Amino acid sequence: MMGIRFSILAAGLVMALAGTAQAQVSGDTVKIGILNDQSGLYADIAGQGSVLAARMAIEDFGGTVLGKKIELVTADHQNKADIGSSIANRWIDTEGVDAIMDVPNSGVALAVQEIARTKKRVFVAVGPATSDLTGKACSGTGFAWMYDTFMLANGTGAALAKEGGDSWFFVTANYAFGQALERDTTAALKAAGGKVVGSVNFPLNNADFSSFLLQAQGSGAKVIGLASAGGDTINAIKQGHEFGIGASNDQRLAGLLVFLTDVHSLGLDIAKGLVLTESFYWDLDEGTRTWSKRFMDKFNGRAPTMIHAGVYSAVAHYLKSIEAAGTDESVAVAAKMHAIKVNDFASHDAVVREDGRVVRDAYLFQVKTPAESKAPWDYYKLLARIPAEKVTRPLAESECPLVKK
């Protein structure tokens, strides 16, 4: 009789342990949300390409983690913080989303990261650039994956200053990203012995840059710095070309954040000679080419941007971290995301700092002339690899409250 009771108790214990193991994945599904601009000025640099990259990462992982299904949900935040916040709250509160990723548009990203921090969900900023995400607004479950305004400032900004472009006029997108990019580039210029002679703000998703560019042109600055991205940068560069800006060595136009898709939209006749900073290029090495060919085969031949590569990398690392943690509970997973180095075709032993910044090298490129380009999407020539320590804000200067002083 005692043996029977022991067997029953043992069986019950096994069932209880099994139930505990299953409970390590909330809702029996790991849900990842890709939140980005799918219809506006950032749709090309992120949009459906980011969704594809996330799907590729999930498929490459095997479609399950800890024996549970991985589900991908997506939405368009329309570059509005209130819409992005509403989606994030619904995803977390009613749909069981475990992690939110991408979120180009720094204003939206700052709002969504705060929601994810409060509700203890993982947030990975791949598309937004403001360095405040790992600065004063940092989160224990928040990460900045591929680049930020400090990297851009100390890449393109510092390089042009050292080449003699020591006086700047900024044409700045009037929201969190543009303001952070102007701020960080100004600091980099001053460190390089340069100065800012003026600036003007423009509204997001702007069509007519003529008055802003004429003001900048009239300033006499050696460099007109565009603190903008996506469609705004494309419009500004096209109109600057029409005004003859950059036609002589007296004044040049600097796109502080230029993506491969921007160059594609501009065409090499207009974009040639632009100097830019990225942490990924599809034709950088064998690893980037192999992954990019897979992406292009699935995306109508369109090459991936730095954001697309970053979304794949972030999703893959997140899933590895769930596996290592043995749970999808966000605080535990975030701890593993910090502890495990990031390794993939775009990342080589990249360290995740305590402020959430992924420390990686950057690359200074120049856009080729039409004669130099030998194949579709063959747009960049490498000028220099910039070591991570040169393009990552030192922790000693960090405003992140999580950083130990």
# chains A, B, ... in the order shown; residues from 1 in each chain; ligands from 1

$ residues_around --residues "region 139-154 of chain A" --least-positions-apart "6" --cutoff "8 Å" --atoms "only C-alpha atoms" --output "MDAnalysis selection string"
chainID A and resid 113:114 116:117 120:126 128:131 133 177 180:181 184:186 188 256:257 277:279 306:307 310 314 330:331 334 354:358 360 362 390:393 402

$ select_by_dssp --residues "region 96-201 of chain A" --states "strand (DSSP E or B)" --output "number ranges by chain"
A: 99-102, 122-125, 142-144, 167-173, 195-201

$ write_last_selection --atoms "N, CA and C atoms" --output "CSV table (one decimal), in the first residue's frame"
chain,number,residue,atom,x,y,z
A,99,ALA,N,8.4,40.8,-26.5
A,99,ALA,CA,9.4,41.7,-26.9
A,99,ALA,C,9.0,42.5,-28.1
A,100,ILE,N,9.4,43.8,-28.1
A,100,ILE,CA,9.1,44.7,-29.2
A,100,ILE,C,10.4,45.2,-29.8
A,101,MET,N,10.5,45.2,-31.1
A,101,MET,CA,11.7,45.5,-31.7
A,101,MET,C,11.5,46.4,-32.9
A,102,ASP,N,12.6,47.0,-33.4
A,102,ASP,CA,12.8,47.9,-34.5
A,102,ASP,C,12.4,49.3,-34.1
A,122,VAL,N,11.0,43.1,-23.0
A,122,VAL,CA,12.2,43.5,-23.7
A,122,VAL,C,11.9,44.4,-24.9
A,123,PHE,N,12.7,45.4,-25.0
A,123,PHE,CA,12.6,46.4,-26.1
A,123,PHE,C,14.0,46.5,-26.8
A,124,VAL,N,14.0,46.3,-28.1
A,124,VAL,CA,15.2,46.4,-28.8
A,124,VAL,C,15.1,47.5,-29.9
A,125,ALA,N,15.8,48.6,-29.7
A,125,ALA,CA,15.8,49.7,-30.7
A,125,ALA,C,16.8,49.3,-31.8
A,142,GLY,N,16.0,47.3,-22.0
A,142,GLY,CA,16.1,48.0,-23.3
A,142,GLY,C,17.5,48.0,-23.9
A,143,PHE,N,17.5,47.9,-25.3
A,143,PHE,CA,18.8,47.8,-26.0
A,143,PHE,C,18.8,48.7,-27.2
A,144,ALA,N,20.0,49.2,-27.6
A,144,ALA,CA,20.2,49.9,-28.8
A,144,ALA,C,21.2,49.0,-29.6
A,167,SER,N,33.4,74.2,-40.3
A,167,SER,CA,32.3,75.1,-39.9
A,167,SER,C,31.0,74.5,-40.5
A,168,TRP,N,30.0,74.4,-39.7
A,168,TRP,CA,28.8,73.6,-40.1
A,168,TRP,C,27.6,74.5,-39.8
A,169,PHE,N,26.6,74.2,-40.7
A,169,PHE,CA,25.2,74.7,-40.5
A,169,PHE,C,24.3,73.5,-40.6
A,170,PHE,N,23.4,73.3,-39.5
A,170,PHE,CA,22.6,72.1,-39.5
A,170,PHE,C,21.2,72.4,-40.0
A,171,VAL,N,20.7,71.5,-40.8
A,171,VAL,CA,19.3,71.5,-41.2
A,171,VAL,C,18.7,70.2,-40.5
A,172,THR,N,17.9,70.5,-39.5
A,172,THR,CA,17.6,69.5,-38.5
A,172,THR,C,16.1,69.1,-38.4
A,173,ALA,N,15.8,67.8,-38.4
A,173,ALA,CA,14.4,67.3,-38.2
A,173,ALA,C,14.0,67.7,-36.8
A,195,LYS,N,33.3,74.3,-35.5
A,195,LYS,CA,32.3,75.1,-34.9
A,195,LYS,C,31.0,75.1,-35.7
A,196,VAL,N,30.0,75.4,-35.1
A,196,VAL,CA,28.6,75.5,-35.7
A,196,VAL,C,28.3,77.0,-35.9
A,197,VAL,N,28.0,77.3,-37.1
A,197,VAL,CA,27.6,78.7,-37.4
A,197,VAL,C,26.1,79.0,-37.4
A,198,GLY,N,25.3,78.0,-37.4
A,198,GLY,CA,23.9,78.2,-37.3
A,198,GLY,C,23.1,76.9,-37.5
A,199,SER,N,21.8,76.9,-37.4
A,199,SER,CA,21.0,75.8,-37.6
A,199,SER,C,19.5,76.2,-37.8
A,200,VAL,N,18.8,75.3,-38.5
A,200,VAL,CA,17.4,75.6,-38.7
A,200,VAL,C,16.6,74.3,-38.6
A,201,ASN,N,15.4,74.3,-38.0
A,201,ASN,CA,14.6,73.1,-37.8
A,201,ASN,C,13.5,73.0,-38.9

$ select_by_dssp --residues "region 282-366 of chain A" --states "helix (DSSP H, G or I)" --output "PyMOL selection string"
chain A and resi 286-298+306-325+330-339

$ write_last_selection --atoms "C-alpha atoms" --output "compact mmCIF listing (two decimals), in the first residue's frame"
# COMPACT_ATOMS: atom_id res chain seq x y z
CA GLU A 286 31.60 36.86 -47.28
CA GLY A 287 29.27 36.55 -44.30
CA THR A 288 27.32 39.70 -45.11
CA ARG A 289 27.11 38.73 -48.79
CA THR A 290 25.81 35.23 -48.06
CA TRP A 291 23.03 36.43 -45.75
CA SER A 292 22.17 39.38 -47.98
CA LYS A 293 21.75 37.16 -51.03
CA ARG A 294 19.19 35.09 -49.10
CA PHE A 295 17.40 38.31 -48.10
CA MET A 296 17.47 39.69 -51.65
CA ASP A 297 16.10 36.47 -53.10
CA LYS A 298 13.08 36.86 -50.79
CA MET A 306 21.63 48.30 -41.67
CA ILE A 307 18.24 48.14 -39.92
CA HIS A 308 17.16 44.96 -41.70
CA ALA A 309 20.39 43.23 -40.74
CA GLY A 310 20.01 44.52 -37.19
CA VAL A 311 16.49 43.15 -36.81
CA TYR A 312 17.67 39.68 -37.83
CA SER A 313 20.57 39.94 -35.38
CA ALA A 314 18.38 41.19 -32.52
CA VAL A 315 15.71 38.51 -32.98
CA ALA A 316 18.32 35.74 -33.19
CA HIS A 317 20.11 36.96 -30.05
CA TYR A 318 16.83 37.30 -28.17
CA LEU A 319 15.87 33.71 -28.98
CA LYS A 320 19.33 32.43 -27.98
CA SER A 321 18.93 34.28 -24.69
CA ILE A 322 15.50 32.73 -24.01
CA GLU A 323 17.03 29.33 -24.59
CA ALA A 324 19.92 30.12 -22.25
CA ALA A 325 17.61 31.53 -19.57
CA SER A 330 11.85 39.42 -19.71
CA VAL A 331 14.14 40.37 -16.82
CA ALA A 332 15.86 36.97 -16.93
CA VAL A 333 16.11 37.07 -20.73
CA ALA A 334 17.51 40.62 -20.69
CA ALA A 335 20.18 39.48 -18.23
CA LYS A 336 21.21 36.75 -20.68
CA MET A 337 21.17 39.23 -23.57
CA HIS A 338 23.74 41.24 -21.62
CA ALA A 339 25.78 38.20 -20.62

$ atom_distance --atom1 "CA of Ser106 (chain A)" --atom2 "CA of Asp344 (chain A)"
25.6 Å

$ atom_distance --atom1 "CA of Tyr42 (chain A)" --atom2 "CA of Ala371 (chain A)"
28.9 Å

$ atom_distance --atom1 "CA of Asp60 (chain A)" --atom2 "CA of Val112 (chain A)"
27.6 Å

$ residues_around --residues "region 227-241 of chain A" --least-positions-apart "5" --cutoff "8 Å" --atoms "only C-alpha atoms" --output "PDB file with C-alpha atoms, in the first residue's frame"
ATOM      1  CA  LEU A  41       9.232  58.201 -44.885  1.00  0.00           C
ATOM      2  CA  TYR A  42      11.028  55.354 -43.035  1.00  0.00           C
ATOM      3  CA  ASP A  44      12.192  51.727 -47.137  1.00  0.00           C
ATOM      4  CA  ILE A  45      14.867  51.670 -44.450  1.00  0.00           C
ATOM      5  CA  PHE A 170      22.588  72.143 -39.468  1.00  0.00           C
ATOM      6  CA  VAL A 171      19.274  71.453 -41.170  1.00  0.00           C
ATOM      7  CA  THR A 172      17.577  69.451 -38.453  1.00  0.00           C
ATOM      8  CA  ALA A 173      14.431  67.342 -38.192  1.00  0.00           C
ATOM      9  CA  PHE A 177      16.217  62.112 -33.364  1.00  0.00           C
ATOM     10  CA  GLY A 178      17.224  65.301 -35.173  1.00  0.00           C
ATOM     11  CA  GLN A 179      17.843  67.154 -31.932  1.00  0.00           C
ATOM     12  CA  LEU A 181      21.975  64.089 -33.825  1.00  0.00           C
ATOM     13  CA  GLU A 182      22.658  67.830 -33.952  1.00  0.00           C
ATOM     14  CA  LEU A 204       9.117  65.713 -39.966  1.00  0.00           C
ATOM     15  CA  ASN A 205       8.111  64.374 -43.390  1.00  0.00           C
ATOM     16  CA  ASN A 206       8.851  67.654 -45.125  1.00  0.00           C
ATOM     17  CA  ALA A 207       8.539  68.126 -48.889  1.00  0.00           C
ATOM     18  CA  ASP A 208      10.078  71.548 -49.529  1.00  0.00           C
ATOM     19  CA  PHE A 209      13.577  72.263 -48.216  1.00  0.00           C
ATOM     20  CA  SER A 210      14.300  75.285 -50.410  1.00  0.00           C
ATOM     21  CA  LEU A 213      18.834  75.060 -47.777  1.00  0.00           C
ATOM     22  CA  GLY A 246      28.356  70.433 -53.270  1.00  0.00           C
ATOM     23  CA  ALA A 247      29.182  71.325 -56.869  1.00  0.00           C
ATOM     24  CA  LEU A 253      26.259  68.562 -48.142  1.00  0.00           C
ATOM     25  CA  GLY A 255      23.925  63.354 -44.794  1.00  0.00           C
ATOM     26  CA  LEU A 256      24.540  62.377 -41.189  1.00  0.00           C
ATOM     27  CA  LEU A 257      22.297  59.327 -41.507  1.00  0.00           C
ATOM     28  CA  VAL A 258      22.126  57.886 -45.007  1.00  0.00           C
ATOM     29  CA  PHE A 259      20.967  54.353 -45.785  1.00  0.00           C
ATOM     30  CA  ASP A 262      18.351  56.329 -49.788  1.00  0.00           C
ATOM     31  CA  SER A 265      16.350  56.300 -54.496  1.00  0.00           C
ATOM     32  CA  LEU A 266      18.683  59.218 -55.206  1.00  0.00           C
ATOM     33  CA  ILE A 270      23.160  62.696 -57.320  1.00  0.00           C
ATOM     34  CA  ALA A 271      24.478  60.656 -54.372  1.00  0.00           C
TER      35      ALA A 271
END
